[in-house]
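Enquirer: The structure's right below; bear with me while I get my questions together.
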Amino acid sequence: MQNHVKNLTPSNIVAHLGHIFHHSGRQAYLGEPVTMAQHMLQGASLAEHQGHSNIVIAAALLHDIGHFTSDFGTFSMDDSHDRQHEVYGAKVLAPFFPESVTQCVRHHVSAKRYLCATRSEYFSKLSAASVHSLKLQGGPMTALEVSQFETNPYLQSIIKVRLVDDGGKVANLKTRSFSDFKQLLQNLVDEHCTNPL
């Protein structure tokens, strides 16, 4: 996907993301009983059902897009190092989406580490794949990391995205399609690219 990133514009970014969903999203998701596309669509649908903002819905839909836009490929249960998909996902989205979206994408992994450090019950709810990736991502945050993370102005939205991310792993769950979210995404792109501040 990296070869096509330089050709992206505000008018084709949503179609590009849709192409990823339709053609790459069929891959199994990190040892879970869903595909990558199903996982992200479940997260977005759950965010919508819970009445979250369009920012959170969009970030939930796109939070794992970096698995397909990085040079390192998708995560495997055999991995011995982190592929930093959150960094690559945020990098591709940053020219087109507001910071409130890209910060959620960029920090949804950090949010898992944060919640493991601050909510005693959170770790016990993680799937085996999430536990494995947590080890590769640095484990629960230290007290200093927690303190620093809590200064992020988008902290609450980041946590909301993380929680619906955790909920998007249900086999055979029917959700809305990517097409149903296209206008929401395009509206965010248009607003950001017209008035980036």
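Every chain in the structure tokens has a letter given in the order shown (A, B, ...), and although residue numbers restart at 1 in each chain, ligands are simply numbered from 1 in the order shown.
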Residues of segment 11-75 of chain A that have any atom at most 9 Å from an atom of segment 185-190 of chain A: could you tabulate them with the shortest-distance atom pair and the distance in Å to one decimal, using only C-alpha atoms, ordered by chain and increasing number, as JSON lines?
Expert:
```
{"residue": "A:Ser11", "atom": "CA", "partner": "A:Gln186", "partner_atom": "CA", "distance": 8.3}
{"residue": "A:Ile13", "atom": "CA", "partner": "A:Val189", "partner_atom": "CA", "distance": 8.5}
{"residue": "A:Val14", "atom": "CA", "partner": "A:Gln186", "partner_atom": "CA", "distance": 6.5}
{"residue": "A:Asn54", "atom": "CA", "partner": "A:Leu188", "partner_atom": "CA", "distance": 8.4}
{"residue": "A:Ile55", "atom": "CA", "partner": "A:Leu188", "partner_atom": "CA", "distance": 8.2}
{"residue": "A:Ala58", "atom": "CA", "partner": "A:Leu185", "partner_atom": "CA", "distance": 6.5}
```
Enquirer: Wanna dump the segment 82-150 of chain A-segment 20-43 of chain A contacts at 9 Å for me, each residue with its shortest atom pair and the distance in Å to one decimal, counting only C-alpha atoms, ordered by chain and number, as JSON lines?
Expert:
```
{"residue": "A:Ser127", "atom": "CA", "partner": "A:Glu32", "partner_atom": "CA", "distance": 8.0}
{"residue": "A:Ala128", "atom": "CA", "partner": "A:Gly31", "partner_atom": "CA", "distance": 8.0}
{"residue": "A:Ala129", "atom": "CA", "partner": "A:Gly31", "partner_atom": "CA", "distance": 5.8}
{"residue": "A:Ser130", "atom": "CA", "partner": "A:Leu30", "partner_atom": "CA", "distance": 8.3}
```
Enquirer: Please produce a file of those selected residues containing N, CA, C and O atoms, as a CSV table (one decimal), in the first residue's frame.
Expert:
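Output file again_33.csv follows:
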```
chain,number,residue,atom,x,y,z
A,127,SER,N,-8.3,-10.8,25.1
A,127,SER,CA,-8.2,-12.1,24.4
A,127,SER,C,-6.7,-12.5,24.4
A,127,SER,O,-5.8,-11.7,24.7
A,128,ALA,N,-6.5,-13.7,24.1
A,128,ALA,CA,-5.1,-14.3,24.0
A,128,ALA,C,-4.3,-13.5,23.1
A,128,ALA,O,-3.1,-13.2,23.3
A,129,ALA,N,-4.8,-13.1,21.9
A,129,ALA,CA,-4.1,-12.3,20.9
A,129,ALA,C,-3.7,-11.0,21.5
A,129,ALA,O,-2.6,-10.5,21.3
A,130,SER,N,-4.6,-10.4,22.2
A,130,SER,CA,-4.3,-9.0,22.8
A,130,SER,C,-3.3,-9.1,23.9
A,130,SER,O,-2.4,-8.2,24.0
```
Enquirer: From a backbone DSSP assignment, name each residue in segment 46-197 of chain A labelled alpha helix (DSSP H), as a PyMOL selection string.
Expert: chain A and resi 46-49+54-62+66-69+85-93+99-118+128-136+143-149+155-167+182-194
Enquirer: Write out, as a PDB file, in the first residue's frame, the residues just selected, with C-alpha atoms.
Expert:
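Here's the written file selection_16.pdb:
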```pdb
ATOM      1  CA  LEU A  46     -20.492  -0.443  18.522  1.00  0.00           C
ATOM      2  CA  ALA A  47     -19.305   3.162  18.851  1.00  0.00           C
ATOM      3  CA  GLU A  48     -22.350   4.318  16.885  1.00  0.00           C
ATOM      4  CA  HIS A  49     -24.696   2.155  18.977  1.00  0.00           C
ATOM      5  CA  ASN A  54     -18.415  10.910  14.700  1.00  0.00           C
ATOM      6  CA  ILE A  55     -14.764  11.333  15.685  1.00  0.00           C
ATOM      7  CA  VAL A  56     -14.836   8.167  17.794  1.00  0.00           C
ATOM      8  CA  ILE A  57     -16.851   6.260  15.186  1.00  0.00           C
ATOM      9  CA  ALA A  58     -14.377   7.174  12.432  1.00  0.00           C
ATOM     10  CA  ALA A  59     -11.367   6.349  14.592  1.00  0.00           C
ATOM     11  CA  ALA A  60     -12.890   3.010  15.598  1.00  0.00           C
ATOM     12  CA  LEU A  61     -13.494   2.210  11.938  1.00  0.00           C
ATOM     13  CA  LEU A  62      -9.937   3.110  10.915  1.00  0.00           C
ATOM     14  CA  GLY A  66      -2.021   0.597   9.629  1.00  0.00           C
ATOM     15  CA  HIS A  67      -1.848  -3.181   9.371  1.00  0.00           C
ATOM     16  CA  PHE A  68      -2.260  -2.609   5.628  1.00  0.00           C
ATOM     17  CA  THR A  69      -0.318   0.640   5.148  1.00  0.00           C
ATOM     18  CA  HIS A  85       0.647  -0.535  12.993  1.00  0.00           C
ATOM     19  CA  GLU A  86      -0.839   2.361  14.961  1.00  0.00           C
ATOM     20  CA  VAL A  87       2.006   4.656  13.892  1.00  0.00           C
ATOM     21  CA  TYR A  88       1.634   3.823  10.209  1.00  0.00           C
ATOM     22  CA  GLY A  89      -2.132   4.087  10.296  1.00  0.00           C
ATOM     23  CA  ALA A  90      -2.041   7.556  11.850  1.00  0.00           C
ATOM     24  CA  LYS A  91       0.626   8.652   9.359  1.00  0.00           C
ATOM     25  CA  VAL A  92      -1.532   7.791   6.354  1.00  0.00           C
ATOM     26  CA  LEU A  93      -4.635   9.416   7.835  1.00  0.00           C
ATOM     27  CA  GLU A  99      -6.050  15.334  14.889  1.00  0.00           C
ATOM     28  CA  SER A 100      -8.887  14.147  17.108  1.00  0.00           C
ATOM     29  CA  VAL A 101      -9.216  11.101  14.811  1.00  0.00           C
ATOM     30  CA  THR A 102      -5.542  10.460  14.159  1.00  0.00           C
ATOM     31  CA  GLN A 103      -4.632  10.720  17.846  1.00  0.00           C
ATOM     32  CA  CYS A 104      -7.158   7.970  18.611  1.00  0.00           C
ATOM     33  CA  VAL A 105      -5.633   5.793  15.898  1.00  0.00           C
ATOM     34  CA  ARG A 106      -2.068   6.632  16.949  1.00  0.00           C
ATOM     35  CA  HIS A 107      -2.686   5.851  20.624  1.00  0.00           C
ATOM     36  CA  HIS A 108      -5.168   2.958  20.677  1.00  0.00           C
ATOM     37  CA  VAL A 109      -2.285   0.599  21.486  1.00  0.00           C
ATOM     38  CA  SER A 110      -1.025   2.907  24.226  1.00  0.00           C
ATOM     39  CA  ALA A 111      -4.574   2.975  25.603  1.00  0.00           C
ATOM     40  CA  LYS A 112      -4.453  -0.791  26.113  1.00  0.00           C
ATOM     41  CA  ARG A 113      -1.222  -0.421  28.055  1.00  0.00           C
ATOM     42  CA  TYR A 114      -2.774   2.460  30.011  1.00  0.00           C
ATOM     43  CA  LEU A 115      -5.927   0.564  30.922  1.00  0.00           C
ATOM     44  CA  CYS A 116      -3.915  -2.472  32.002  1.00  0.00           C
ATOM     45  CA  ALA A 117      -2.024  -0.203  34.388  1.00  0.00           C
ATOM     46  CA  THR A 118      -5.018   1.734  35.739  1.00  0.00           C
ATOM     47  CA  ALA A 128      -5.145 -14.283  24.026  1.00  0.00           C
ATOM     48  CA  ALA A 129      -4.071 -12.348  20.928  1.00  0.00           C
ATOM     49  CA  SER A 130      -4.330  -9.045  22.802  1.00  0.00           C
ATOM     50  CA  VAL A 131      -2.271 -10.422  25.670  1.00  0.00           C
ATOM     51  CA  HIS A 132       0.408 -11.562  23.210  1.00  0.00           C
ATOM     52  CA  SER A 133       0.527  -8.212  21.429  1.00  0.00           C
ATOM     53  CA  LEU A 134       0.573  -6.408  24.793  1.00  0.00           C
ATOM     54  CA  LYS A 135       3.849  -8.141  25.632  1.00  0.00           C
ATOM     55  CA  LEU A 136       5.340  -7.001  22.316  1.00  0.00           C
ATOM     56  CA  ALA A 143       3.503   5.177  36.619  1.00  0.00           C
ATOM     57  CA  LEU A 144       5.481   7.794  34.692  1.00  0.00           C
ATOM     58  CA  GLU A 145       4.014   6.682  31.371  1.00  0.00           C
ATOM     59  CA  VAL A 146       0.510   6.821  32.865  1.00  0.00           C
ATOM     60  CA  SER A 147       1.108  10.354  34.083  1.00  0.00           C
ATOM     61  CA  GLN A 148       2.390  11.455  30.688  1.00  0.00           C
ATOM     62  CA  PHE A 149      -0.412   9.714  28.784  1.00  0.00           C
ATOM     63  CA  LEU A 155      -7.529  10.910  26.265  1.00  0.00           C
ATOM     64  CA  GLN A 156     -11.240  10.213  26.741  1.00  0.00           C
ATOM     65  CA  SER A 157     -11.856   9.639  23.033  1.00  0.00           C
ATOM     66  CA  ILE A 158      -8.776   7.423  22.805  1.00  0.00           C
ATOM     67  CA  ILE A 159     -10.096   5.256  25.643  1.00  0.00           C
ATOM     68  CA  LYS A 160     -13.530   5.032  24.022  1.00  0.00           C
ATOM     69  CA  VAL A 161     -11.916   3.797  20.794  1.00  0.00           C
ATOM     70  CA  ARG A 162      -9.879   1.251  22.739  1.00  0.00           C
ATOM     71  CA  LEU A 163     -12.940  -0.149  24.481  1.00  0.00           C
ATOM     72  CA  VAL A 164     -14.965  -0.584  21.289  1.00  0.00           C
ATOM     73  CA  ASP A 165     -11.829  -2.052  19.702  1.00  0.00           C
ATOM     74  CA  ASP A 166     -11.884  -4.706  22.425  1.00  0.00           C
ATOM     75  CA  GLY A 167     -15.572  -5.317  21.771  1.00  0.00           C
ATOM     76  CA  LYS A 182     -18.368   6.665   3.705  1.00  0.00           C
ATOM     77  CA  GLN A 183     -20.272   9.937   4.009  1.00  0.00           C
ATOM     78  CA  LEU A 184     -19.292  10.334   7.651  1.00  0.00           C
ATOM     79  CA  LEU A 185     -15.641   9.877   6.692  1.00  0.00           C
ATOM     80  CA  GLN A 186     -15.858  12.209   3.712  1.00  0.00           C
ATOM     81  CA  ASN A 187     -17.480  14.912   5.838  1.00  0.00           C
ATOM     82  CA  LEU A 188     -14.570  14.752   8.275  1.00  0.00           C
ATOM     83  CA  VAL A 189     -12.062  14.877   5.421  1.00  0.00           C
ATOM     84  CA  ASP A 190     -13.786  17.826   3.757  1.00  0.00           C
ATOM     85  CA  GLU A 191     -14.027  19.766   6.999  1.00  0.00           C
ATOM     86  CA  HIS A 192     -10.403  19.112   7.922  1.00  0.00           C
ATOM     87  CA  CYS A 193      -8.965  19.874   4.504  1.00  0.00           C
ATOM     88  CA  THR A 194     -11.020  23.056   4.190  1.00  0.00           C
TER      89      THR A 194
END
```
Enquirer: Please measure the separation of atom CA of His16 of chain A and atom CA of Ile65 of chain A, giving the value in Å to one decimal.
Expert: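 Atom CA of Ile65 of chain A lies 11.1 Å from atom CA of His16 of chain A.
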Enquirer: Grab the atom CA of Phe97 of chain A to atom CA of Gln137 of chain A distance for me, in Å with one decimal place.
Expert: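 Value for the atom CA of Phe97 of chain A-atom CA of Gln137 of chain A distance: 25.3 Å.
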Enquirer: For the atom pair atom CA of Gly139 of chain A and atom CA of Gly168 of chain A, what is the interatomic distance in Å to one decimal place?
Expert: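 Taking atom CA of Gly139 of chain A as the start and atom CA of Gly168 of chain A as the end point, the length is 21.4 Å.
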